[in-house]
Amino acid sequence: YTHAPLQVTTDCTIDYPTLPFQMTDGYWSPHTSSIEFCEQNYLHHNAIVELHNVWSSLAGISLFGFVGMTYGNATTEIRYFLAYLTLFLIGVGSAGLHGTMHWVFQSSDELPMIYLVVLMNFMIAEHGSPMGKPKYPRLPAYLSSLMVVNTLIYYTFQQFYFVFLATYITLLCHEVYMVYTLVFKKGVGGKVTRNLNFCSLFVYLAASVFWMIDMFYCDKFSFSHGMTFHIIWHFGAGFGAYLGIVSMENCRCVALGKPCELRYIFGIIPYMKLIATSKLE
């Protein structure tokens, strides 16, 4: 099969009009999502559009959310559980999108991505507030309203993929700016928070490069059994987002004066653990 590069249609959707897999019919045909990806459709099963992008969504995104819900949240605050849960749901939504190329599952992938970035902005803003005494009491209401507005805008312009990209990137840039100001410029959270954030940004940006290669240079790269660079994007984006949440957990522990330490699963997946008081005596 010969792959053609990504093209933008007149209605601002993203398409691969000359690719053979666009003409491959399967259980979910015709597809209603506003975007197609490089992996050949229905290569392995008539009911699964992109098998490799399905399993990599679950293993590369949802798994990190599950690890966070299981081992993380050292401060036992709802904000961190919601962040890990949202990360888990992003992976499920992404698997649904790649498995069906249906607009409903596309929204279940992209909207939680926006919600997670909004949650991250909230965690950064409230990193130093005393437990149960928020610095900005009305902020949850404002951010909830923002998510409602974003959801309405999303469904109004869902066929325009660049509207989602613009919204997500804008919120993400604001988060990165707040992280830079708080962690790197002011040094809040100490060395551990700084290192976690650096790794988070590096992994996420590196994965973004593979996303762009997969989207814009689909004809240049191909792997065995239909795998594409989008798999690397899933694992990098999932791990990068996970590290970002863990870094905010550590920053929060430092601000609250809670004795926490960084532990690892398989030596590579970090999580925050509250140290028992007896161990400190």
# chains A, B, ... in the order shown; residues from 1 in each chain; ligands from 1

$ residues_around --residues "A:Ser224" --least-positions-apart "2" --cutoff "12 Å" --atoms "only C-alpha atoms" --output "ChimeraX atom specification"
/A:1,39-40,43,52,221-222,226-229

$ residues_around --residues "A:Leu172" --least-positions-apart "6" --cutoff "9 Å" --atoms "only C-alpha atoms" --output "PyMOL selection string"
chain A and resi 114+117-118+121

$ write_last_selection --atoms "N, CA and C atoms" --output "compact mmCIF listing (two decimals), in the first residue's frame"
# COMPACT_ATOMS: atom_id res chain seq x y z
N ILE A 114 -9.14 18.14 26.72
CA ILE A 114 -9.34 19.53 27.13
C ILE A 114 -9.61 19.60 28.63
N VAL A 117 -6.38 19.25 30.74
CA VAL A 117 -5.55 20.45 30.76
C VAL A 117 -6.16 21.50 31.69
N VAL A 118 -7.49 21.63 31.68
CA VAL A 118 -8.15 22.56 32.61
C VAL A 118 -7.89 22.14 34.05
N ASN A 121 -4.39 23.12 35.06
CA ASN A 121 -4.31 24.55 35.36
C ASN A 121 -4.84 24.85 36.76

$ closest_residue --among "A:Val192, A:Ala83, A:Ile169, A:Cys38" --to "A:Cys218" --atoms "only C-alpha atoms"
A:Cys38

$ atom_distance --atom1 "atom CA of A:Pro130" --atom2 "atom CA of A:Cys173"
26.9 Å

$ closest_residue --among "A:Met131, A:Met147, A:Leu89, A:Leu97" --to "A:Cys253" --atoms "only C-alpha atoms"
A:Met131

$ select_by_dssp --residues "stretch 19-139 of chain A" --states "helix (DSSP H, G or I)" --output "NGL selection string"
:A and (20-23 or 51-71 or 78-100 or 103-125 or 139)

$ write_last_selection --atoms "C-alpha atoms" --output "PDB file, in the first residue's frame"
ATOM      1  CA  PRO A  20      -6.311   2.895  -0.327  1.00  0.00           C
ATOM      2  CA  PHE A  21      -7.563   2.370   3.229  1.00  0.00           C
ATOM      3  CA  GLN A  22     -10.054   5.227   2.740  1.00  0.00           C
ATOM      4  CA  MET A  23     -11.803   2.988   0.223  1.00  0.00           C
ATOM      5  CA  LEU A  51      -6.162  -2.303  15.688  1.00  0.00           C
ATOM      6  CA  HIS A  52      -2.679  -1.058  16.657  1.00  0.00           C
ATOM      7  CA  ASN A  53      -3.953   2.393  17.551  1.00  0.00           C
ATOM      8  CA  VAL A  54      -6.630   0.754  19.716  1.00  0.00           C
ATOM      9  CA  TRP A  55      -4.339  -1.357  21.899  1.00  0.00           C
ATOM     10  CA  SER A  56      -1.718   1.407  22.142  1.00  0.00           C
ATOM     11  CA  SER A  57      -4.402   3.821  23.387  1.00  0.00           C
ATOM     12  CA  LEU A  58      -5.265   1.477  26.232  1.00  0.00           C
ATOM     13  CA  ALA A  59      -1.687   0.432  27.043  1.00  0.00           C
ATOM     14  CA  GLY A  60      -0.097   3.826  26.440  1.00  0.00           C
ATOM     15  CA  ILE A  61      -2.712   6.144  27.981  1.00  0.00           C
ATOM     16  CA  SER A  62      -5.375   4.361  30.044  1.00  0.00           C
ATOM     17  CA  LEU A  63      -2.804   2.206  31.820  1.00  0.00           C
ATOM     18  CA  PHE A  64      -1.043   5.270  33.255  1.00  0.00           C
ATOM     19  CA  GLY A  65      -4.366   6.652  34.446  1.00  0.00           C
ATOM     20  CA  PHE A  66      -5.120   3.333  36.130  1.00  0.00           C
ATOM     21  CA  VAL A  67      -1.689   3.323  37.813  1.00  0.00           C
ATOM     22  CA  GLY A  68      -2.346   6.833  39.113  1.00  0.00           C
ATOM     23  CA  MET A  69      -5.757   5.921  40.505  1.00  0.00           C
ATOM     24  CA  THR A  70      -4.309   2.808  42.130  1.00  0.00           C
ATOM     25  CA  TYR A  71      -0.997   4.036  43.524  1.00  0.00           C
ATOM     26  CA  ILE A  78     -10.314  14.680  44.658  1.00  0.00           C
ATOM     27  CA  ARG A  79      -8.440  16.816  42.108  1.00  0.00           C
ATOM     28  CA  TYR A  80      -5.729  14.202  41.580  1.00  0.00           C
ATOM     29  CA  PHE A  81      -8.137  11.292  41.392  1.00  0.00           C
ATOM     30  CA  LEU A  82     -10.137  13.200  38.769  1.00  0.00           C
ATOM     31  CA  ALA A  83      -6.960  13.937  36.809  1.00  0.00           C
ATOM     32  CA  TYR A  84      -5.933  10.271  36.743  1.00  0.00           C
ATOM     33  CA  LEU A  85      -9.489   9.208  35.946  1.00  0.00           C
ATOM     34  CA  THR A  86      -9.620  11.683  33.062  1.00  0.00           C
ATOM     35  CA  LEU A  87      -6.328  10.332  31.731  1.00  0.00           C
ATOM     36  CA  PHE A  88      -7.784   6.824  31.908  1.00  0.00           C
ATOM     37  CA  LEU A  89     -10.904   7.956  30.018  1.00  0.00           C
ATOM     38  CA  ILE A  90      -8.802   9.662  27.335  1.00  0.00           C
ATOM     39  CA  GLY A  91      -7.261   6.293  26.541  1.00  0.00           C
ATOM     40  CA  VAL A  92     -10.668   4.602  26.438  1.00  0.00           C
ATOM     41  CA  GLY A  93     -12.020   7.349  24.194  1.00  0.00           C
ATOM     42  CA  SER A  94      -8.974   7.166  21.949  1.00  0.00           C
ATOM     43  CA  ALA A  95      -9.410   3.398  21.624  1.00  0.00           C
ATOM     44  CA  GLY A  96     -13.054   3.968  20.704  1.00  0.00           C
ATOM     45  CA  LEU A  97     -12.112   6.541  18.087  1.00  0.00           C
ATOM     46  CA  HIS A  98      -9.444   4.407  16.445  1.00  0.00           C
ATOM     47  CA  GLY A  99     -11.622   1.336  16.624  1.00  0.00           C
ATOM     48  CA  THR A 100     -14.641   2.950  14.961  1.00  0.00           C
ATOM     49  CA  TRP A 103     -17.809  11.090  15.763  1.00  0.00           C
ATOM     50  CA  VAL A 104     -19.201  10.039  19.171  1.00  0.00           C
ATOM     51  CA  PHE A 105     -15.975   8.278  20.110  1.00  0.00           C
ATOM     52  CA  GLN A 106     -13.944  11.137  18.654  1.00  0.00           C
ATOM     53  CA  SER A 107     -15.576  13.472  21.163  1.00  0.00           C
ATOM     54  CA  SER A 108     -14.949  10.967  23.976  1.00  0.00           C
ATOM     55  CA  ASP A 109     -11.256  11.186  23.112  1.00  0.00           C
ATOM     56  CA  GLU A 110     -10.803  14.906  22.472  1.00  0.00           C
ATOM     57  CA  LEU A 111     -13.056  16.476  25.116  1.00  0.00           C
ATOM     58  CA  PRO A 112     -11.342  14.695  28.057  1.00  0.00           C
ATOM     59  CA  MET A 113      -8.022  15.990  26.699  1.00  0.00           C
ATOM     60  CA  ILE A 114      -9.339  19.526  27.131  1.00  0.00           C
ATOM     61  CA  TYR A 115     -10.764  18.699  30.569  1.00  0.00           C
ATOM     62  CA  LEU A 116      -7.426  17.293  31.756  1.00  0.00           C
ATOM     63  CA  VAL A 117      -5.550  20.453  30.764  1.00  0.00           C
ATOM     64  CA  VAL A 118      -8.148  22.559  32.605  1.00  0.00           C
ATOM     65  CA  LEU A 119      -7.668  20.343  35.680  1.00  0.00           C
ATOM     66  CA  MET A 120      -3.901  20.783  35.446  1.00  0.00           C
ATOM     67  CA  ASN A 121      -4.309  24.551  35.364  1.00  0.00           C
ATOM     68  CA  PHE A 122      -6.458  24.321  38.490  1.00  0.00           C
ATOM     69  CA  MET A 123      -3.907  22.166  40.322  1.00  0.00           C
ATOM     70  CA  ILE A 124      -1.146  24.632  39.507  1.00  0.00           C
ATOM     71  CA  ALA A 125      -3.198  27.624  40.647  1.00  0.00           C
ATOM     72  CA  LEU A 139     -12.146  29.001  40.557  1.00  0.00           C
TER      73      LEU A 139
END

$ closest_residue --among "A:Ala141, A:Val163, A:Val188, A:Leu274" --to "A:Ala255" --atoms "only C-alpha atoms"
A:Val188

$ decode --residues "stretch 112-125 of chain A" --atoms "all heavy atoms" --output "mmCIF file, in the first residue's frame"
data_model
loop_
_atom_site.group_PDB
_atom_site.id
_atom_site.type_symbol
_atom_site.label_atom_id
_atom_site.label_comp_id
_atom_site.auth_asym_id
_atom_site.auth_seq_id
_atom_site.Cartn_x
_atom_site.Cartn_y
_atom_site.Cartn_z
ATOM 1 N N PRO A 112 -12.105 14.933 26.832
ATOM 2 C CA PRO A 112 -11.342 14.695 28.057
ATOM 3 C C PRO A 112 -9.927 15.260 28.003
ATOM 4 O O PRO A 112 -9.364 15.618 29.050
ATOM 5 C CB PRO A 112 -11.320 13.160 28.162
ATOM 6 C CG PRO A 112 -12.545 12.724 27.464
ATOM 7 C CD PRO A 112 -12.683 13.672 26.316
ATOM 8 N N MET A 113 -9.340 15.363 26.808
ATOM 9 C CA MET A 113 -8.022 15.990 26.699
ATOM 10 C C MET A 113 -8.090 17.450 27.134
ATOM 11 O O MET A 113 -7.212 17.947 27.859
ATOM 12 C CB MET A 113 -7.509 15.893 25.258
ATOM 13 C CG MET A 113 -7.161 14.485 24.813
ATOM 14 S SD MET A 113 -6.732 14.369 23.050
ATOM 15 C CE MET A 113 -5.218 15.354 23.019
ATOM 16 N N ILE A 114 -9.141 18.140 26.719
ATOM 17 C CA ILE A 114 -9.339 19.526 27.131
ATOM 18 C C ILE A 114 -9.610 19.601 28.633
ATOM 19 O O ILE A 114 -9.051 20.456 29.340
ATOM 20 C CB ILE A 114 -10.497 20.162 26.341
ATOM 21 C CG1 ILE A 114 -10.127 20.256 24.854
ATOM 22 C CG2 ILE A 114 -10.844 21.542 26.892
ATOM 23 C CD1 ILE A 114 -11.255 20.758 23.969
ATOM 24 N N TYR A 115 -10.445 18.698 29.147
ATOM 25 C CA TYR A 115 -10.764 18.699 30.569
ATOM 26 C C TYR A 115 -9.524 18.469 31.422
ATOM 27 O O TYR A 115 -9.356 19.099 32.483
ATOM 28 C CB TYR A 115 -11.804 17.616 30.885
ATOM 29 C CG TYR A 115 -13.115 17.757 30.157
ATOM 30 C CD1 TYR A 115 -13.950 16.661 29.959
ATOM 31 C CD2 TYR A 115 -13.535 18.992 29.661
ATOM 32 C CE1 TYR A 115 -15.163 16.782 29.291
ATOM 33 C CE2 TYR A 115 -14.739 19.134 28.998
ATOM 34 C CZ TYR A 115 -15.547 18.018 28.807
ATOM 35 O OH TYR A 115 -16.744 18.139 28.140
ATOM 36 N N LEU A 116 -8.633 17.582 30.971
ATOM 37 C CA LEU A 116 -7.426 17.293 31.756
ATOM 38 C C LEU A 116 -6.524 18.523 31.837
ATOM 39 O O LEU A 116 -5.983 18.823 32.906
ATOM 40 C CB LEU A 116 -6.655 16.128 31.145
ATOM 41 C CG LEU A 116 -5.360 15.735 31.870
ATOM 42 C CD1 LEU A 116 -5.639 15.375 33.326
ATOM 43 C CD2 LEU A 116 -4.671 14.569 31.166
ATOM 44 N N VAL A 117 -6.384 19.252 30.744
ATOM 45 C CA VAL A 117 -5.550 20.453 30.764
ATOM 46 C C VAL A 117 -6.158 21.503 31.690
ATOM 47 O O VAL A 117 -5.434 22.206 32.423
ATOM 48 C CB VAL A 117 -5.365 21.019 29.341
ATOM 49 C CG1 VAL A 117 -4.538 22.298 29.380
ATOM 50 C CG2 VAL A 117 -4.687 20.002 28.444
ATOM 51 N N VAL A 118 -7.486 21.629 31.685
ATOM 52 C CA VAL A 118 -8.148 22.559 32.605
ATOM 53 C C VAL A 118 -7.886 22.144 34.052
ATOM 54 O O VAL A 118 -7.597 22.983 34.918
ATOM 55 C CB VAL A 118 -9.668 22.612 32.323
ATOM 56 C CG1 VAL A 118 -10.386 23.430 33.399
ATOM 57 C CG2 VAL A 118 -9.931 23.222 30.950
ATOM 58 N N LEU A 119 -7.967 20.845 34.338
ATOM 59 C CA LEU A 119 -7.668 20.343 35.680
ATOM 60 C C LEU A 119 -6.231 20.644 36.089
ATOM 61 O O LEU A 119 -5.960 21.025 37.234
ATOM 62 C CB LEU A 119 -7.909 18.832 35.741
ATOM 63 C CG LEU A 119 -9.321 18.353 36.063
ATOM 64 C CD1 LEU A 119 -9.443 16.855 35.797
ATOM 65 C CD2 LEU A 119 -9.681 18.666 37.505
ATOM 66 N N MET A 120 -5.303 20.486 35.157
ATOM 67 C CA MET A 120 -3.901 20.783 35.446
ATOM 68 C C MET A 120 -3.707 22.247 35.777
ATOM 69 O O MET A 120 -2.953 22.601 36.697
ATOM 70 C CB MET A 120 -3.030 20.387 34.256
ATOM 71 C CG MET A 120 -2.947 18.895 33.982
ATOM 72 S SD MET A 120 -2.146 17.978 35.321
ATOM 73 C CE MET A 120 -0.466 18.588 35.186
ATOM 74 N N ASN A 121 -4.389 23.122 35.058
ATOM 75 C CA ASN A 121 -4.309 24.551 35.364
ATOM 76 C C ASN A 121 -4.841 24.846 36.762
ATOM 77 O O ASN A 121 -4.290 25.670 37.489
ATOM 78 C CB ASN A 121 -5.089 25.355 34.309
ATOM 79 C CG ASN A 121 -4.298 25.607 33.040
ATOM 80 O OD1 ASN A 121 -3.510 26.539 32.960
ATOM 81 N ND2 ASN A 121 -4.499 24.773 32.041
ATOM 82 N N PHE A 122 -5.902 24.144 37.144
ATOM 83 C CA PHE A 122 -6.458 24.321 38.490
ATOM 84 C C PHE A 122 -5.468 23.855 39.551
ATOM 85 O O PHE A 122 -5.260 24.534 40.571
ATOM 86 C CB PHE A 122 -7.768 23.540 38.624
ATOM 87 C CG PHE A 122 -8.288 23.470 40.029
ATOM 88 C CD1 PHE A 122 -8.913 24.566 40.611
ATOM 89 C CD2 PHE A 122 -8.146 22.311 40.776
ATOM 90 C CE1 PHE A 122 -9.385 24.510 41.920
ATOM 91 C CE2 PHE A 122 -8.621 22.248 42.081
ATOM 92 C CZ PHE A 122 -9.235 23.347 42.653
ATOM 93 N N MET A 123 -4.846 22.698 39.345
ATOM 94 C CA MET A 123 -3.907 22.166 40.322
ATOM 95 C C MET A 123 -2.713 23.100 40.507
ATOM 96 O O MET A 123 -2.201 23.251 41.614
ATOM 97 C CB MET A 123 -3.450 20.773 39.898
ATOM 98 C CG MET A 123 -4.518 19.707 40.038
ATOM 99 S SD MET A 123 -3.910 18.022 39.781
ATOM 100 C CE MET A 123 -3.638 18.013 38.025
ATOM 101 N N ILE A 124 -2.268 23.699 39.416
ATOM 102 C CA ILE A 124 -1.146 24.632 39.507
ATOM 103 C C ILE A 124 -1.554 25.878 40.284
ATOM 104 O O ILE A 124 -0.818 26.359 41.154
ATOM 105 C CB ILE A 124 -0.650 25.014 38.100
ATOM 106 C CG1 ILE A 124 -0.105 23.780 37.380
ATOM 107 C CG2 ILE A 124 0.432 26.091 38.185
ATOM 108 C CD1 ILE A 124 0.147 23.997 35.900
ATOM 109 N N ALA A 125 -2.735 26.402 39.981
ATOM 110 C CA ALA A 125 -3.198 27.624 40.647
ATOM 111 C C ALA A 125 -3.404 27.423 42.143
ATOM 112 O O ALA A 125 -3.156 28.328 42.947
ATOM 113 C CB ALA A 125 -4.497 28.109 40.001
#
